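**Student:** See target09.pdb below, with PDB, C-alpha atoms, pLDDT in the B column.
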MODEL        1
ATOM      1  CA  MET A 169      -0.524  10.654  28.968  1.00 53.00           C
ATOM      2  CA  SER A 170       0.858   7.308  30.089  1.00 61.00           C
ATOM      3  CA  THR A 171       3.582   5.656  28.089  1.00 67.00           C
ATOM      4  CA  ILE A 172       2.550   2.945  25.683  1.00 73.00           C
ATOM      5  CA  GLN A 173       4.712  -0.131  25.940  1.00 87.00           C
ATOM      6  CA  ASN A 174       5.684  -2.874  23.524  1.00 93.00           C
ATOM      7  CA  HIS A 175       4.096  -5.917  25.187  1.00 93.00           C
ATOM      8  CA  VAL A 176       2.908  -9.188  23.623  1.00 96.00           C
ATOM      9  CA  GLN A 177       1.160 -12.144  25.288  1.00 97.00           C
ATOM     10  CA  LEU A 178       0.427 -15.369  23.411  1.00 97.00           C
ATOM     11  CA  ILE A 179      -0.756 -18.839  24.343  1.00 97.00           C
ATOM     12  CA  GLY A 180      -0.108 -21.602  21.861  1.00 97.00           C
ATOM     13  CA  HIS A 181       1.564 -24.892  20.989  1.00 98.00           C
ATOM     14  CA  LEU A 182       5.136 -25.380  19.768  1.00 98.00           C
ATOM     15  CA  GLY A 183       5.407 -26.472  16.159  1.00 96.00           C
ATOM     16  CA  ASP A 184       8.776 -28.115  16.796  1.00 97.00           C
ATOM     17  CA  ALA A 185      11.331 -28.480  19.588  1.00 97.00           C
ATOM     18  CA  PRO A 186      13.295 -25.314  20.434  1.00 98.00           C
ATOM     19  CA  GLU A 187      16.528 -24.901  18.501  1.00 98.00           C
ATOM     20  CA  GLU A 188      19.730 -23.724  20.154  1.00 96.00           C
ATOM     21  CA  VAL A 189      21.534 -21.040  18.167  1.00 94.00           C
ATOM     22  CA  LYS A 190      25.318 -20.950  18.552  1.00 87.00           C
ATOM     23  CA  LEU A 191      26.617 -17.419  18.998  1.00 89.00           C
ATOM     24  CA  GLU A 192      30.188 -16.163  19.103  1.00 86.00           C
ATOM     25  CA  SER A 193      29.409 -14.200  22.264  1.00 87.00           C
ATOM     26  CA  ALA A 194      28.860 -15.859  25.640  1.00 83.00           C
ATOM     27  CA  LYS A 195      25.087 -15.394  25.271  1.00 91.00           C
ATOM     28  CA  LYS A 196      22.836 -18.399  24.735  1.00 93.00           C
ATOM     29  CA  MET A 197      19.866 -18.172  22.367  1.00 96.00           C
ATOM     30  CA  ALA A 198      16.961 -20.514  21.674  1.00 97.00           C
ATOM     31  CA  LYS A 199      14.306 -20.048  19.031  1.00 97.00           C
ATOM     32  CA  PHE A 200      11.012 -21.767  18.333  1.00 98.00           C
ATOM     33  CA  SER A 201       7.602 -21.089  16.828  1.00 97.00           C
ATOM     34  CA  ILE A 202       4.200 -21.331  18.438  1.00 98.00           C
ATOM     35  CA  ALA A 203       0.830 -21.651  16.743  1.00 98.00           C
ATOM     36  CA  THR A 204      -2.270 -19.743  17.816  1.00 97.00           C
ATOM     37  CA  ASN A 205      -5.731 -20.326  16.365  1.00 95.00           C
ATOM     38  CA  ILE A 206      -8.628 -17.984  15.759  1.00 93.00           C
ATOM     39  CA  ARG A 207     -12.161 -19.012  14.886  1.00 93.00           C
ATOM     40  CA  PHE A 208     -14.612 -16.825  13.017  1.00 93.00           C
ATOM     41  CA  LYS A 209     -17.487 -16.976  10.572  1.00 94.00           C
ATOM     42  CA  ASN A 210     -16.813 -16.130   6.944  1.00 93.00           C
ATOM     43  CA  LYS A 211     -19.125 -14.052   4.740  1.00 93.00           C
ATOM     44  CA  ASP A 212     -21.263 -17.171   4.094  1.00 93.00           C
ATOM     45  CA  GLY A 213     -21.703 -17.783   7.838  1.00 92.00           C
ATOM     46  CA  GLU A 214     -19.497 -20.865   7.859  1.00 94.00           C
ATOM     47  CA  ALA A 215     -17.170 -21.462  10.830  1.00 94.00           C
ATOM     48  CA  VAL A 216     -13.527 -21.053   9.807  1.00 94.00           C
ATOM     49  CA  GLU A 217     -10.356 -21.665  11.808  1.00 94.00           C
ATOM     50  CA  SER A 218      -7.114 -19.904  10.984  1.00 95.00           C
ATOM     51  CA  THR A 219      -3.682 -20.720  12.419  1.00 96.00           C
ATOM     52  CA  GLN A 220      -1.041 -18.027  12.897  1.00 96.00           C
ATOM     53  CA  TRP A 221       2.632 -18.862  13.529  1.00 97.00           C
ATOM     54  CA  HIS A 222       4.775 -16.666  15.787  1.00 97.00           C
ATOM     55  CA  ARG A 223       8.577 -16.741  16.054  1.00 97.00           C
ATOM     56  CA  ILE A 224       9.849 -16.742  19.639  1.00 98.00           C
ATOM     57  CA  VAL A 225      13.420 -15.957  20.726  1.00 97.00           C
ATOM     58  CA  ALA A 226      14.701 -16.668  24.258  1.00 97.00           C
ATOM     59  CA  TRP A 227      18.042 -15.606  25.735  1.00 96.00           C
ATOM     60  CA  ASN A 228      20.431 -16.928  28.390  1.00 95.00           C
ATOM     61  CA  LYS A 229      18.764 -18.661  31.401  1.00 95.00           C
ATOM     62  CA  LEU A 230      15.322 -18.536  29.813  1.00 97.00           C
ATOM     63  CA  ALA A 231      16.820 -20.127  26.693  1.00 97.00           C
ATOM     64  CA  ASP A 232      18.198 -22.932  28.895  1.00 96.00           C
ATOM     65  CA  VAL A 233      14.751 -23.515  30.419  1.00 97.00           C
ATOM     66  CA  CYS A 234      13.128 -23.638  26.980  1.00 97.00           C
ATOM     67  CA  LEU A 235      15.748 -26.023  25.578  1.00 97.00           C
ATOM     68  CA  THR A 236      15.478 -28.319  28.602  1.00 97.00           C
ATOM     69  CA  HIS A 237      11.718 -28.442  29.155  1.00 97.00           C
ATOM     70  CA  LEU A 238       9.914 -27.661  25.890  1.00 98.00           C
ATOM     71  CA  LYS A 239       9.301 -30.037  23.015  1.00 97.00           C
ATOM     72  CA  LYS A 240       7.156 -30.226  19.902  1.00 97.00           C
ATOM     73  CA  GLY A 241       3.496 -29.799  20.896  1.00 97.00           C
ATOM     74  CA  SER A 242       4.203 -28.200  24.306  1.00 97.00           C
ATOM     75  CA  HIS A 243       1.462 -25.793  25.395  1.00 98.00           C
ATOM     76  CA  VAL A 244       2.971 -22.487  26.598  1.00 98.00           C
ATOM     77  CA  ALA A 245       2.084 -18.952  27.565  1.00 98.00           C
ATOM     78  CA  CYS A 246       4.657 -16.472  26.261  1.00 97.00           C
ATOM     79  CA  GLN A 247       5.160 -12.854  27.203  1.00 97.00           C
ATOM     80  CA  GLY A 248       7.687 -10.552  25.595  1.00 97.00           C
ATOM     81  CA  ARG A 249       8.449  -7.681  23.227  1.00 96.00           C
ATOM     82  CA  LEU A 250       7.743  -7.535  19.503  1.00 96.00           C
ATOM     83  CA  ILE A 251      10.959  -6.974  17.553  1.00 96.00           C
ATOM     84  CA  TYR A 252      11.358  -6.456  13.803  1.00 96.00           C
ATOM     85  CA  ARG A 253      14.634  -7.716  12.355  1.00 93.00           C
ATOM     86  CA  ASP A 254      15.966  -6.877   8.885  1.00 95.00           C
ATOM     87  CA  TYR A 255      17.943  -9.500   7.007  1.00 92.00           C
ATOM     88  CA  GLU A 256      19.103 -10.387   3.517  1.00 94.00           C
ATOM     89  CA  THR A 257      18.378 -13.706   1.770  1.00 92.00           C
ATOM     90  CA  LYS A 258      21.062 -15.749   0.014  1.00 93.00           C
ATOM     91  CA  SER A 259      19.808 -14.310  -3.279  1.00 94.00           C
ATOM     92  CA  GLY A 260      20.274 -10.741  -1.983  1.00 94.00           C
ATOM     93  CA  GLU A 261      16.629  -9.858  -1.282  1.00 95.00           C
ATOM     94  CA  LYS A 262      16.029  -7.614   1.720  1.00 96.00           C
ATOM     95  CA  ARG A 263      13.388  -8.962   4.110  1.00 94.00           C
ATOM     96  CA  GLN A 264      11.962  -8.225   7.531  1.00 95.00           C
ATOM     97  CA  ALA A 265      10.973 -10.730  10.216  1.00 95.00           C
ATOM     98  CA  ALA A 266       8.805 -10.198  13.291  1.00 96.00           C
ATOM     99  CA  GLU A 267       9.902 -11.988  16.468  1.00 97.00           C
ATOM    100  CA  ILE A 268       8.725 -12.026  20.056  1.00 97.00           C
ATOM    101  CA  HIS A 269      11.728 -11.713  22.367  1.00 97.00           C
ATOM    102  CA  LEU A 270      10.671 -13.759  25.367  1.00 97.00           C
ATOM    103  CA  GLU A 271      10.668 -12.162  28.829  1.00 96.00           C
ATOM    104  CA  GLU A 272       8.504 -14.710  30.653  1.00 97.00           C
ATOM    105  CA  MET A 273       7.255 -18.175  29.779  1.00 97.00           C
ATOM    106  CA  LEU A 274       4.789 -20.473  31.536  1.00 97.00           C
ATOM    107  CA  MET A 275       4.435 -24.143  30.656  1.00 97.00           C
ATOM    108  CA  LEU A 276       0.740 -25.074  30.607  1.00 95.00           C
TER     109      LEU A 276
ENDMDL
END
What do you get writing this file as structure tokens?
**Tutor:**
Amino acid sequence: MSTIQNHVQLIGHLGDAPEEVKLESAKKMAKFSIATNIRFKNKDGEAVESTQWHRIVAWNKLADVCLTHLKKGSHVACQGRLIYRDYETKSGEKRQAAEIHLEEMLML
């Protein structure tokens, strides 16, 4: 049996300009969200469009490229790994976030 890999590919538009995240380590991080749309017919046969938002995280040189060249509305193809991150809100609630850790990005 071949190994199954964690691999995500998305094409969408940025909802806002990438944000640089300051880290104590020497690593550079950028994060942004992209929107993808799906179209389908509902139970009444009417055409419906649904938008899904995906959190993207880029590191180091790829983060530099994103911060330099991407802006709100940019059309991009993203490829990476799906990562689930646990965190706690200010009120103490435990939550989980899904992020795509970017490995390759193509500006369209």
**Student:** What does the distance between atom CA of Asp232 of chain A and atom CA of Ala198 of chain A come to in Å, to one decimal place?
**Tutor:**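 So the two atoms, atom CA of Asp232 of chain A and atom CA of Ala198 of chain A, lie 7.7 Å apart.
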**Student:** Evaluated on this file, the PyMOL selection byres ((chain A and resi 205) around 6) picks out some residues - which ones are they, written as a ChimeraX atom specification?
**Tutor:** /A:204,206,218-219
**Student:** Quick one: everything within 8 Å of Met275 of chain A, counting only C-alpha atoms, minus sequence neighbours fewer than 2 positions away in the same chain. Send it as a PyMOL selection string.
**Tutor:** chain A and resi 242-245+273
**Student:** Would you mind telling me which residue in A:Ala265, A:Ile224, A:Leu238, A:Leu276 lies nearest to Met197 of chain A when using all atoms listed in the file?
**Tutor:**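 Under the stated criterion, the closest residue is A:Ile224.
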**Student:** Where does segment 234-265 of chain A meet segment 187-190 of chain A within 12 Å, residue by residue, with the nearest atom pair and distance in Å to one decimal for each, counting all atoms listed in the file, listed by chain and rising number, as a Markdown table?
**Tutor:**
| residue | atom | partner | partner_atom | distance |
| --- | --- | --- | --- | --- |
| A:Cys234 | CA | A:Glu187 | CA | 9.2 |
| A:Leu235 | CA | A:Glu188 | CA | 7.1 |
| A:Thr236 | CA | A:Glu188 | CA | 10.5 |
| A:Leu238 | CA | A:Glu187 | CA | 10.3 |
| A:Lys239 | CA | A:Glu187 | CA | 9.9 |
| A:Lys240 | CA | A:Glu187 | CA | 10.9 |
**Student:** Which of these, A:Val216, A:Ile202, A:Lys229, A:Glu261, has the shortest distance to Gln177 of chain A once you count only C-alpha atoms?
**Tutor:** A:Ile202
**Student:** In Å, how far is it from atom CA of Ile172 of chain A to atom CA of Ala203 of chain A?
**Tutor:**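 Straight-line distance from atom CA of Ile172 of chain A to atom CA of Ala203 of chain A works out to 26.2 Å.
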**Student:** Work out how far atom CA of Leu274 of chain A is from atom CA of His222 of chain A, in Å to one decimal.
**Tutor:**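 Here the two named atoms are 16.2 Å from each other.
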**Student:** Using all atoms listed in the file, which of the listed residues (A:Val233, A:Arg207, A:Gln247, A:Tyr255) sits closest to Gln220 of chain A?
**Tutor:** A:Arg207
**Student:** Fewer than 4 positions away in the same chain doesn't count, so skip those; otherwise give me all residues within 7 Å of Gly241 of chain A, counting only C-alpha atoms, as an NGL selection string.
**Tutor:** :A and (181-184)
**Student:** From the options A:Gly260, A:Ile268, A:Ile179, A:Ala194, which residue's atoms come nearest to Arg223 of chain A, counting only C-alpha atoms?
**Tutor:**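 Smallest separation from Arg223 of chain A among the options: A:Ile268.
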**Student:** The centre and edge lengths of an axis-aligned box containing all atoms of segment 176-192 of chain A present in the file, extended by 8 Å on each side, are to be given in Å to one decimal, as lines of an AutoDock Vina configuration file.
**Tutor:**
center_x = 14.7
center_y = -18.8
center_z = 20.7
size_x = 46.9
size_y = 35.3
size_z = 25.1
**Student:** Go through the shown structure with the PyMOL selection byres ((chain A and resi 175) around 7) and write out the matching residues as a ChimeraX atom specification.
**Tutor:** /A:173-174,176-177,248-250
**Student:** Given only C-alpha atoms as the basis, pick out the residue of A:Leu230, A:Val225, A:Ala215, A:Cys246 nearest to Glu267 of chain A.
**Tutor:**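 The closest residue to Glu267 of chain A is A:Val225.
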